[in-house]
$ cat work26.txt   # compact mmCIF, C-alpha atoms
# COMPACT_ATOMS: atom_id res chain seq x y z
CA MET A 142 117.76 -109.27 -70.80
CA LYS A 143 115.69 -109.84 -73.92
CA THR A 144 113.41 -112.82 -74.25
CA PHE A 145 113.62 -115.19 -77.20
CA GLU A 146 110.51 -113.60 -78.74
CA GLU A 147 112.03 -110.14 -78.57
CA LYS A 148 115.32 -111.29 -80.07
CA TRP A 149 113.51 -113.18 -82.82
CA THR A 150 111.43 -110.12 -83.72
CA ALA A 151 114.52 -107.93 -83.79
CA TRP A 152 116.30 -110.52 -85.94
CA VAL A 153 113.43 -110.71 -88.47
CA ASP A 154 113.33 -106.90 -88.65
CA GLY A 155 117.09 -106.67 -89.10
CA GLN A 156 117.55 -104.88 -85.81
CA LEU A 157 120.27 -107.16 -84.45
CA SER A 158 123.88 -106.44 -85.23
CA GLY A 159 127.43 -107.28 -84.17
CA ARG A 160 127.88 -109.55 -81.23
CA GLU A 161 124.16 -109.72 -80.44
CA LEU A 162 123.40 -110.99 -83.96
CA ALA A 163 126.19 -113.56 -83.87
CA GLU A 164 125.11 -114.84 -80.47
CA PHE A 165 121.48 -115.12 -81.49
CA GLU A 166 122.21 -116.91 -84.77
CA ALA A 167 124.55 -119.28 -82.95
CA SER A 168 121.78 -120.09 -80.48
CA LEU A 169 119.33 -121.13 -83.21
CA PRO A 170 119.04 -124.93 -83.32
CA ASP A 171 117.89 -125.05 -86.96
CA LYS A 172 119.55 -122.25 -88.86
CA ALA A 173 118.06 -123.16 -92.24
CA GLY A 174 114.55 -123.51 -90.80
CA SER A 175 114.89 -120.18 -89.00
CA GLU A 176 116.04 -118.44 -92.19
CA ALA A 177 113.01 -119.86 -93.98
CA GLU A 178 110.77 -118.49 -91.23
CA LYS A 179 112.45 -115.12 -91.56
CA GLN A 180 111.77 -115.09 -95.29
CA SER A 181 108.21 -116.18 -94.62
CA ALA A 182 107.74 -113.25 -92.23
CA ARG A 183 109.06 -110.89 -94.88
CA LYS A 184 106.66 -112.29 -97.47
CA LEU A 185 103.83 -111.80 -95.01
CA ARG A 186 104.86 -108.17 -94.59
CA GLN A 187 104.91 -107.70 -98.35
CA LEU A 188 101.48 -109.29 -98.66
CA LEU A 189 100.04 -107.02 -96.00
CA ARG A 190 101.59 -103.94 -97.58
CA ASN A 191 100.30 -104.84 -101.02
CA GLU A 192 96.79 -105.74 -100.02
CA LEU A 193 96.13 -103.41 -97.10
CA SER A 194 97.64 -100.31 -98.57
CA LEU A 195 96.29 -96.92 -97.68
CA ARG A 196 92.54 -96.99 -97.93
CA THR A 197 91.19 -93.77 -99.38
CA LEU A 198 88.66 -91.99 -97.27
CA THR A 199 85.68 -91.32 -99.47
CA ASN A 200 83.95 -87.98 -98.87
CA GLU A 201 86.98 -86.46 -97.16
CA GLU A 202 85.43 -83.02 -97.08
CA PHE A 203 82.25 -84.35 -95.54
CA PHE A 204 84.37 -86.09 -92.91
CA SER A 205 85.98 -82.78 -91.94
CA HIS A 206 82.65 -80.97 -92.13
CA GLN A 207 81.01 -83.49 -89.82
CA LEU A 208 83.91 -83.21 -87.41
CA ARG A 209 83.69 -79.41 -87.41
CA GLU A 210 79.99 -79.69 -86.63
CA ARG A 211 80.66 -82.04 -83.75
CA ILE A 212 83.39 -79.81 -82.35
CA ALA A 213 81.10 -76.78 -82.56
CA GLN A 214 78.33 -78.76 -80.89
CA GLU A 215 80.63 -80.00 -78.14
CA SER A 216 82.03 -76.51 -77.59
CA GLY A 217 78.50 -75.12 -77.31
CA GLU A 218 77.56 -77.78 -74.78
CA ALA A 219 80.74 -77.14 -72.82
CA ARG A 220 79.96 -73.42 -72.72
CA ARG A 221 76.40 -74.09 -71.58
CA THR A 222 77.67 -76.48 -68.91
CA SER A 223 80.20 -73.98 -67.61
CA ALA A 224 77.55 -71.24 -67.69
CA GLY A 225 75.24 -73.56 -65.79
CA ARG A 226 77.94 -74.19 -63.24
CA GLY A 227 78.49 -70.45 -62.95
CA SER A 228 74.84 -69.80 -62.25
CA GLU A 229 74.85 -72.58 -59.70
CA THR A 230 77.69 -70.98 -57.81
CA SER A 231 75.99 -67.56 -57.85
CA THR A 232 72.70 -68.91 -56.54
CA TRP A 233 71.28 -66.46 -54.04
CA TRP A 234 70.34 -69.06 -51.45
CA THR A 235 73.77 -70.14 -50.37
CA ILE A 236 74.20 -71.33 -46.80
CA PRO A 237 75.76 -68.08 -45.47
CA ARG A 238 73.06 -66.03 -47.14
CA LEU A 239 70.41 -68.30 -45.75
CA LEU A 240 71.84 -67.86 -42.26
CA TRP A 241 72.13 -64.14 -42.72
CA THR A 242 68.54 -63.90 -43.92
CA GLY A 243 67.30 -66.00 -41.02
CA THR A 244 69.13 -63.85 -38.50
CA VAL A 245 67.86 -60.63 -40.04
CA SER A 246 64.30 -61.98 -40.12
CA ILE A 247 64.42 -62.93 -36.45
CA ALA A 248 65.91 -59.55 -35.54
CA VAL A 249 63.20 -57.70 -37.52
CA PHE A 250 60.53 -59.83 -35.87
CA VAL A 251 61.87 -59.11 -32.37
CA ILE A 252 62.16 -55.37 -33.08
CA CYS A 253 58.63 -55.24 -34.45
CA THR A 254 57.26 -57.17 -31.49
CA VAL A 255 58.99 -54.90 -29.01
CA LEU A 256 57.79 -51.81 -30.82
CA VAL A 257 54.21 -53.06 -31.02
CA MET A 258 54.21 -54.00 -27.34
CA HIS A 259 55.81 -50.72 -26.47
CA GLU A 260 53.27 -48.80 -28.51
CA LYS A 261 50.39 -50.74 -27.05
CA ASN A 262 51.11 -50.71 -23.34
CA PRO A 263 51.81 -47.13 -22.27
CA SER A 264 48.57 -45.61 -23.51
CA GLU A 265 46.45 -48.31 -21.95
CA GLU A 266 48.33 -48.55 -18.72
CA SER A 267 46.85 -46.46 -15.94
CA GLN A 268 48.99 -44.00 -14.14
CA TYR A 269 48.30 -45.67 -10.80
CA LEU A 270 49.32 -49.05 -12.00
CA THR A 271 52.61 -47.62 -13.12
CA GLN A 272 53.17 -46.09 -9.74
CA ILE A 273 52.20 -49.24 -7.84
CA LEU A 274 54.43 -51.39 -10.01
CA ASN A 275 57.30 -49.01 -9.56
CA ALA A 276 56.81 -48.75 -5.82
CA ARG A 277 57.72 -52.21 -4.74
CA VAL A 278 56.22 -53.47 -1.52
CA ASP A 279 58.88 -54.13 1.07
CA PRO A 280 58.45 -57.83 2.10
CA VAL A 281 60.02 -57.15 5.52
CA VAL A 282 57.65 -54.33 6.37
CA SER A 283 54.56 -55.89 4.79
CA PRO A 284 55.16 -59.67 4.38
CA ASN A 285 51.52 -60.47 3.49
CA ALA A 286 50.88 -57.53 1.21
CA THR A 287 49.18 -58.16 -2.14
CA VAL A 288 48.30 -55.73 -4.88
CA SER A 289 45.59 -56.51 -7.45
CA MET A 290 44.45 -54.48 -10.39
CA PHE A 291 41.11 -54.49 -12.14
CA GLU A 292 40.66 -52.58 -15.29
CA VAL A 293 37.87 -51.93 -17.84
CA LYS A 294 39.47 -50.50 -20.91
CA GLN A 295 36.41 -49.22 -22.77
CA ASP A 296 35.30 -47.30 -19.65
CA ARG A 297 38.88 -46.23 -18.93
CA VAL A 298 38.51 -47.37 -15.33
CA THR A 299 41.19 -48.98 -13.21
CA VAL A 300 40.75 -50.24 -9.66
CA LEU A 301 43.67 -51.08 -7.44
CA TRP A 302 42.98 -53.47 -4.63
CA THR A 303 45.61 -53.66 -1.91
CA GLU A 304 45.61 -55.96 1.10
CA GLY A 305 47.89 -56.47 4.08
CA LEU A 306 49.78 -53.23 3.74
CA GLN A 307 51.31 -52.10 7.01
CA SER A 308 52.25 -48.77 5.55
CA LEU A 309 52.26 -47.15 2.14
CA PRO A 310 55.61 -46.70 0.38
CA ALA A 311 57.02 -43.27 0.81
CA ASP A 312 56.95 -42.45 -2.86
CA TYR A 313 53.39 -43.66 -3.30
CA ALA A 314 51.52 -40.53 -4.01
CA ALA A 315 49.10 -39.71 -6.73
CA LYS A 316 50.24 -36.92 -8.93
CA MET B 62 107.17 -93.23 -90.14
CA GLN B 63 105.63 -91.52 -93.13
CA THR B 64 103.70 -88.30 -93.15
CA GLU B 65 101.79 -86.65 -95.93
CA ALA B 66 103.84 -83.45 -95.83
CA THR B 67 107.62 -83.33 -96.24
CA PRO B 68 109.30 -84.04 -92.88
CA ALA B 69 110.87 -80.61 -92.34
CA GLN B 70 107.75 -78.67 -93.27
CA ALA B 71 105.58 -81.05 -91.34
CA ASP B 72 107.66 -80.75 -88.16
CA VAL B 73 107.77 -76.97 -88.14
CA SER B 74 104.26 -76.18 -89.23
CA GLU B 75 102.78 -79.07 -87.29
CA LEU B 76 104.08 -77.70 -84.02
CA ASP B 77 102.77 -74.30 -85.00
CA LEU B 78 99.39 -75.81 -85.82
CA VAL B 79 99.31 -77.61 -82.50
CA ARG B 80 100.09 -74.38 -80.63
CA ARG B 81 97.26 -72.64 -82.48
CA CYS B 82 94.92 -75.52 -81.66
CA GLN B 83 95.86 -75.18 -78.02
CA ALA B 84 94.82 -71.54 -78.23
CA GLY B 85 91.42 -72.67 -79.51
CA ASP B 86 91.97 -72.21 -83.25
CA THR B 87 89.63 -74.71 -84.94
CA GLU B 88 90.97 -73.90 -88.40
CA ALA B 89 94.42 -75.08 -87.33
CA PHE B 90 92.87 -78.29 -86.07
CA ASP B 91 91.03 -78.65 -89.35
CA GLU B 92 94.40 -78.49 -91.10
CA LEU B 93 95.78 -81.26 -88.88
CA VAL B 94 92.68 -83.36 -89.57
CA THR B 95 93.16 -82.87 -93.30
CA ARG B 96 96.73 -84.10 -93.00
CA TYR B 97 95.99 -87.23 -91.04
CA ARG B 98 92.38 -88.21 -91.70
CA THR B 99 93.19 -90.71 -94.48
CA ARG B 100 95.96 -92.45 -92.54
CA VAL B 101 93.89 -92.57 -89.38
CA PHE B 102 90.84 -93.87 -91.23
CA SER B 103 92.89 -96.46 -93.08
CA MET B 104 94.54 -97.70 -89.89
CA ILE B 105 91.21 -98.02 -88.11
CA TYR B 106 89.61 -99.66 -91.12
CA ASN B 107 92.31 -102.34 -91.16
CA MET B 108 91.56 -103.05 -87.52
CA VAL B 109 87.77 -103.12 -87.61
CA HIS B 110 87.04 -104.04 -91.26
CA SER B 111 83.97 -101.87 -91.57
CA GLU B 112 83.86 -98.54 -93.36
CA GLN B 113 81.05 -97.15 -91.26
CA ASP B 114 82.65 -98.15 -87.97
CA ALA B 115 86.03 -96.88 -89.14
CA TRP B 116 84.43 -93.55 -90.05
CA ASP B 117 82.74 -93.23 -86.66
CA LEU B 118 85.85 -94.26 -84.74
CA ALA B 119 88.02 -91.83 -86.73
CA GLN B 120 85.53 -89.08 -85.92
CA ASP B 121 85.57 -90.01 -82.23
CA SER B 122 89.36 -90.11 -82.22
CA PHE B 123 89.74 -86.64 -83.73
CA LEU B 124 87.09 -85.24 -81.43
CA LYS B 125 88.91 -86.70 -78.44
CA ALA B 126 92.16 -85.26 -79.78
CA TRP B 127 90.57 -81.80 -80.01
CA LYS B 128 89.30 -82.04 -76.46
CA SER B 129 92.69 -83.05 -75.07
CA ILE B 130 94.98 -81.04 -77.38
CA LYS B 131 95.89 -78.73 -74.50
CA ARG B 132 97.50 -81.67 -72.74
CA PHE B 133 99.82 -82.35 -75.70
CA ARG B 134 103.30 -81.34 -74.54
CA GLY B 135 105.19 -82.02 -77.76
CA ARG B 136 107.42 -84.71 -76.26
CA SER B 137 106.46 -86.97 -79.15
CA SER B 138 105.29 -86.16 -82.67
CA PHE B 139 101.68 -85.20 -83.13
CA TYR B 140 101.23 -88.29 -85.26
CA THR B 141 102.37 -90.63 -82.46
CA TRP B 142 100.20 -88.73 -80.02
CA ILE B 143 97.08 -88.98 -82.14
CA TYR B 144 97.83 -92.64 -82.84
CA ARG B 145 97.70 -93.25 -79.12
CA ILE B 146 94.20 -91.78 -79.04
CA VAL B 147 93.20 -93.73 -82.15
CA MET B 148 94.46 -96.98 -80.65
CA ASN B 149 92.72 -96.37 -77.32
CA VAL B 150 89.42 -95.61 -79.03
CA THR B 151 89.66 -98.53 -81.46
CA ILE B 152 90.91 -101.15 -78.99
CA ASP B 153 88.21 -100.15 -76.49
CA TRP B 154 85.60 -100.47 -79.22
CA LEU B 155 86.90 -103.89 -80.28
CA ARG B 156 86.88 -105.10 -76.68
CA LYS B 157 83.32 -103.91 -76.13
CA LYS B 158 82.26 -105.54 -79.36
CA HIS B 159 83.92 -108.78 -78.27
CA VAL B 160 82.24 -108.63 -74.85
CA LYS B 161 78.87 -108.21 -76.54
CA GLY B 162 79.62 -111.50 -78.31
CA ALA B 163 79.57 -109.98 -81.73
CA GLY B 164 82.36 -111.72 -83.61
CA THR B 165 80.96 -110.05 -86.69
CA GLU B 166 84.30 -109.26 -88.26
CA PHE B 167 83.80 -112.11 -90.69
CA ASP B 168 80.49 -110.68 -91.79
CA ASP B 169 82.11 -107.36 -92.47
CA ALA B 170 84.86 -109.08 -94.41
CA ILE B 171 82.31 -110.91 -96.53
CA GLN B 172 80.55 -107.62 -97.23
CA LEU B 173 83.87 -106.15 -98.22
CA ARG B 174 84.32 -108.89 -100.82
CA ILE B 175 81.51 -107.41 -102.86
CA ASP B 176 82.26 -103.82 -101.91
CA PRO B 177 82.83 -101.85 -105.12
CA ALA B 178 84.29 -98.91 -103.18
CA SER B 179 87.69 -100.57 -102.78
CA LYS B 180 90.41 -98.18 -103.84
CA THR B 181 93.35 -100.54 -103.85
CA VAL B 182 92.50 -102.01 -107.26
CA PRO B 183 92.13 -99.56 -110.11
CA LYS B 184 88.73 -100.38 -111.54
CA THR B 185 89.56 -99.33 -115.04
CA GLU B 186 92.52 -101.67 -115.39
CA ALA B 187 91.68 -104.81 -113.45
CA LEU B 188 89.74 -107.58 -115.06
CA PRO B 189 86.71 -108.91 -113.21
CA TYR B 190 88.35 -112.23 -112.26
CA GLU B 191 91.46 -110.39 -111.03
CA MET B 192 89.30 -108.16 -108.89
CA MET B 193 87.53 -111.17 -107.49
CA GLU B 194 90.83 -112.85 -106.73
CA ARG B 195 92.24 -109.80 -104.97
CA ASP B 196 89.05 -109.29 -103.03
CA GLU B 197 89.22 -112.88 -101.94
CA ILE B 198 92.83 -112.48 -100.81
CA ARG B 199 91.92 -109.32 -98.95
CA ALA B 200 89.03 -111.08 -97.29
CA ARG B 201 91.38 -113.88 -96.19
CA ILE B 202 93.79 -111.33 -94.72
CA GLU B 203 91.03 -109.52 -92.89
CA GLN B 204 89.68 -112.78 -91.51
CA ALA B 205 93.16 -113.65 -90.29
CA ILE B 206 93.67 -110.24 -88.70
CA ALA B 207 90.26 -110.54 -87.04
CA GLN B 208 91.56 -113.57 -85.18
CA LEU B 209 94.26 -111.52 -83.49
CA SER B 210 93.69 -109.71 -80.22
CA PRO B 211 93.10 -105.95 -80.58
CA GLU B 212 96.60 -105.26 -79.23
CA GLN B 213 98.23 -107.70 -81.65
CA ARG B 214 96.30 -106.16 -84.56
CA ALA B 215 97.47 -102.72 -83.56
CA VAL B 216 101.11 -103.78 -83.27
CA VAL B 217 101.29 -105.71 -86.52
CA LEU B 218 99.50 -103.02 -88.54
CA MET B 219 101.60 -100.20 -87.13
CA LYS B 220 104.79 -102.13 -87.84
CA GLU B 221 104.02 -103.70 -91.20
CA LEU B 222 101.90 -100.98 -92.79
CA GLU B 223 103.05 -97.79 -91.12
CA ASP B 224 106.65 -98.94 -90.65
CA MET B 225 106.71 -97.38 -87.23
CA GLN B 226 109.65 -97.96 -84.89
CA TYR B 227 109.25 -100.14 -81.80
CA HIS B 228 109.48 -97.15 -79.47
CA GLU B 229 106.84 -95.26 -81.45
CA ILE B 230 104.46 -98.20 -81.27
CA ALA B 231 105.18 -98.58 -77.57
CA GLU B 232 104.39 -94.92 -77.07
CA ALA B 233 101.19 -95.15 -79.09
CA LEU B 234 100.02 -98.17 -77.13
CA GLY B 235 101.33 -97.09 -73.74
CA CYS B 236 103.39 -100.24 -73.19
CA SER B 237 107.04 -101.26 -73.15
CA ILE B 238 109.17 -101.95 -76.22
CA GLY B 239 109.57 -105.53 -75.02
CA THR B 240 105.79 -105.97 -74.99
CA VAL B 241 105.58 -104.57 -78.51
CA MET B 242 108.23 -107.02 -79.77
CA SER B 243 106.62 -109.93 -78.00
CA ARG B 244 103.16 -109.11 -79.40
CA LEU B 245 104.68 -108.72 -82.83
CA PHE B 246 106.26 -112.16 -82.54
CA TYR B 247 102.97 -113.90 -81.72
CA ALA B 248 100.93 -111.85 -84.20
CA ARG B 249 103.30 -112.68 -87.05
CA LYS B 250 103.38 -116.36 -86.13
CA LYS B 251 99.61 -116.52 -86.16
CA LEU B 252 99.30 -114.67 -89.46
CA GLN B 253 101.99 -116.82 -90.99
CA THR B 254 100.05 -119.93 -90.01
CA LEU B 255 96.78 -118.55 -91.36
CA LEU B 256 98.09 -116.94 -94.56
CA ARG B 257 101.07 -119.03 -95.59
CA ASP B 258 99.23 -120.58 -98.52
CA VAL B 259 98.22 -117.12 -99.73
CA TYR B 260 101.63 -115.48 -99.84
CA GLU B 261 103.49 -118.60 -100.94
CA ASN B 262 101.25 -118.99 -104.00
CA ILE B 263 101.23 -115.42 -105.27
$ encode --input "work26.txt" --output "structure tokens"
Amino acid sequence: MKTFEEKWTAWVDGQLSGRELAEFEASLPDKAGSEAEKQSARKLRQLLRNELSLRTLTNEEFFSHQLRERIAQESGEARRTSAGRGSETSTWWTIPRLLWTGTVSIAVFVICTVLVMHEKNPSEESQYLTQILNARVDPVVSPNATVSMFEVKQDRVTVLWTEGLQSLPADYAAK
Amino acid sequence: MQTEATPAQADVSELDLVRRCQAGDTEAFDELVTRYRTRVFSMIYNMVHSEQDAWDLAQDSFLKAWKSIKRFRGRSSFYTWIYRIVMNVTIDWLRKKHVKGAGTEFDDAIQLRIDPASKTVPKTEALPYEMMERDEIRARIEQAIAQLSPEQRAVVLMKELEDMQYHEIAEALGCSIGTVMSRLFYARKKLQTLLRDVYENI
């Protein structure tokens, strides 16, 4: 259902025909006044066409040149932006890599620590201490037994002090 | 709707040019710009009444068209499609200008009155008083158009100057045909009120 404004516009532009045209013209209260308005609208159109005709673009070639420059500039910026985005995505320190690096670092640290400790202890540990530590004191047989060790590294001297032993372990024997 | 090339040639080669543009061919786009730059500039000029602003807005419109040419599906003509961009750019600009409280269209129109760059009057033939009279009429028209809303300006200029069909205008403005006809009704009424003495006395 067209509004009055739509029908009027179509009527002025000659877009109504047949039954629609007859119905619209019949609905106009002042036919002569409406016809005058229609003519007035057509004169307005003619005035606009005469006075606002195509306005020549001065410096047409410069217009195109400037536009080409802007397109080239925009394209360059777009390429740089996409390249920037690409380098962002290939950044070394991504979260998985960070985790991986952290894990590897901890593992290396633990391995180094174990190796250093392992390297350090055996040469400095006395043979007796090893044997005493290996030969556990049976708490049932000797409930109050204690074993103490005193050691002076630079003199390469180790003293074992045992107390409360009821009997020596069977495998306790100096080699 | 008029185009600068013959319709058949324009339709075939235009589609070809658009396809080439979509593949990144800037020379093809340059060809499209050459075809439409004057019409686009003229349309914008009649909406904003300033050569410099019309130039800048035409540049922005074509640049925007280049950036979004890949989204052109060919459902409408290239001309209608670019008019949609032109109208969006120009109407946005007019709205922003209005929000800033400019209302400087009249100033531009007054400048135009003494603008010797007008191409509508052949300088070699017109007498000075005739030029003055025509410039005055043109200034009156531009002042009247400046009193319309941006959407009404767009509709009345596309219809009266470009002779575009209702559906083409609706497509360019992204509204219904009914809205186009309604805007045209009110725009014409307003212009008739403001310019009746001009066109009745010519």
$ interface_residues --input "work26.txt" --of "chain B" --to "chain A" --cutoff "6 Å" --atoms "all atoms listed in the file" --output "PyMOL selection string"
chain B and resi 99+103+221-222+242-243+246
$ atom_distance --input "work26.txt" --atom1 "CA of Ile105 (chain B)" --atom2 "CA of Thr151 (chain B)"
6.8 Å
$ residues_around --input "work26.txt" --residues "Leu255 (chain B)" --least-positions-apart "2" --cutoff "10 Å" --atoms "all atoms listed in the file" --output "PyMOL selection string"
chain B and resi 201-202+204-206+208+249-253+257-259
$ residues_around --input "work26.txt" --residues "Glu92 (chain B)" --least-positions-apart "5" --cutoff "9 Å" --atoms "all atoms listed in the file" --output "CSV table (one decimal) with C-alpha atoms, in the frame of the given file"
chain,number,residue,atom,x,y,z
B,78,LEU,CA,99.4,-75.8,-85.8
B,87,THR,CA,89.6,-74.7,-84.9
B,97,TYR,CA,96.0,-87.2,-91.0
$ atom_distance --input "work26.txt" --atom1 "CA of Glu203 (chain B)" --atom2 "CA of Ala115 (chain B)"
14.1 Å
$ residues_near_point --input "work26.txt" --point "(48.0, -55.2, -3.8)" --cutoff "9 Å" --atoms "all atoms listed in the file" --output "ChimeraX atom specification"
/A:273,278,286-290,301-306
$ atom_distance --input "work26.txt" --atom1 "CA of Phe139 (chain B)" --atom2 "CA of Ala126 (chain B)"
10.1 Å
$ closest_residue --input "work26.txt" --among "A:Phe291, A:Trp152, A:Val249, A:Asp296" --to "Glu166 (chain A)" --atoms "all atoms listed in the file"
A:Trp152
$ residues_around --input "work26.txt" --residues "Ile146 (chain B)" --least-positions-apart "3" --cutoff "12 Å" --atoms "all atoms listed in the file" --output "JSON, numbers by chain"
{"B": [101, 105, 118, 119, 120, 121, 122, 123, 124, 125, 126, 127, 128, 129, 130, 133, 139, 140, 141, 142, 143, 149, 150, 151, 152, 153, 232, 233, 234, 235]}
$ closest_residue --input "work26.txt" --among "B:Arg98, B:Ser137, B:Met148, B:Leu76" --to "Phe203 (chain A)" --atoms "only C-alpha atoms"
B:Arg98
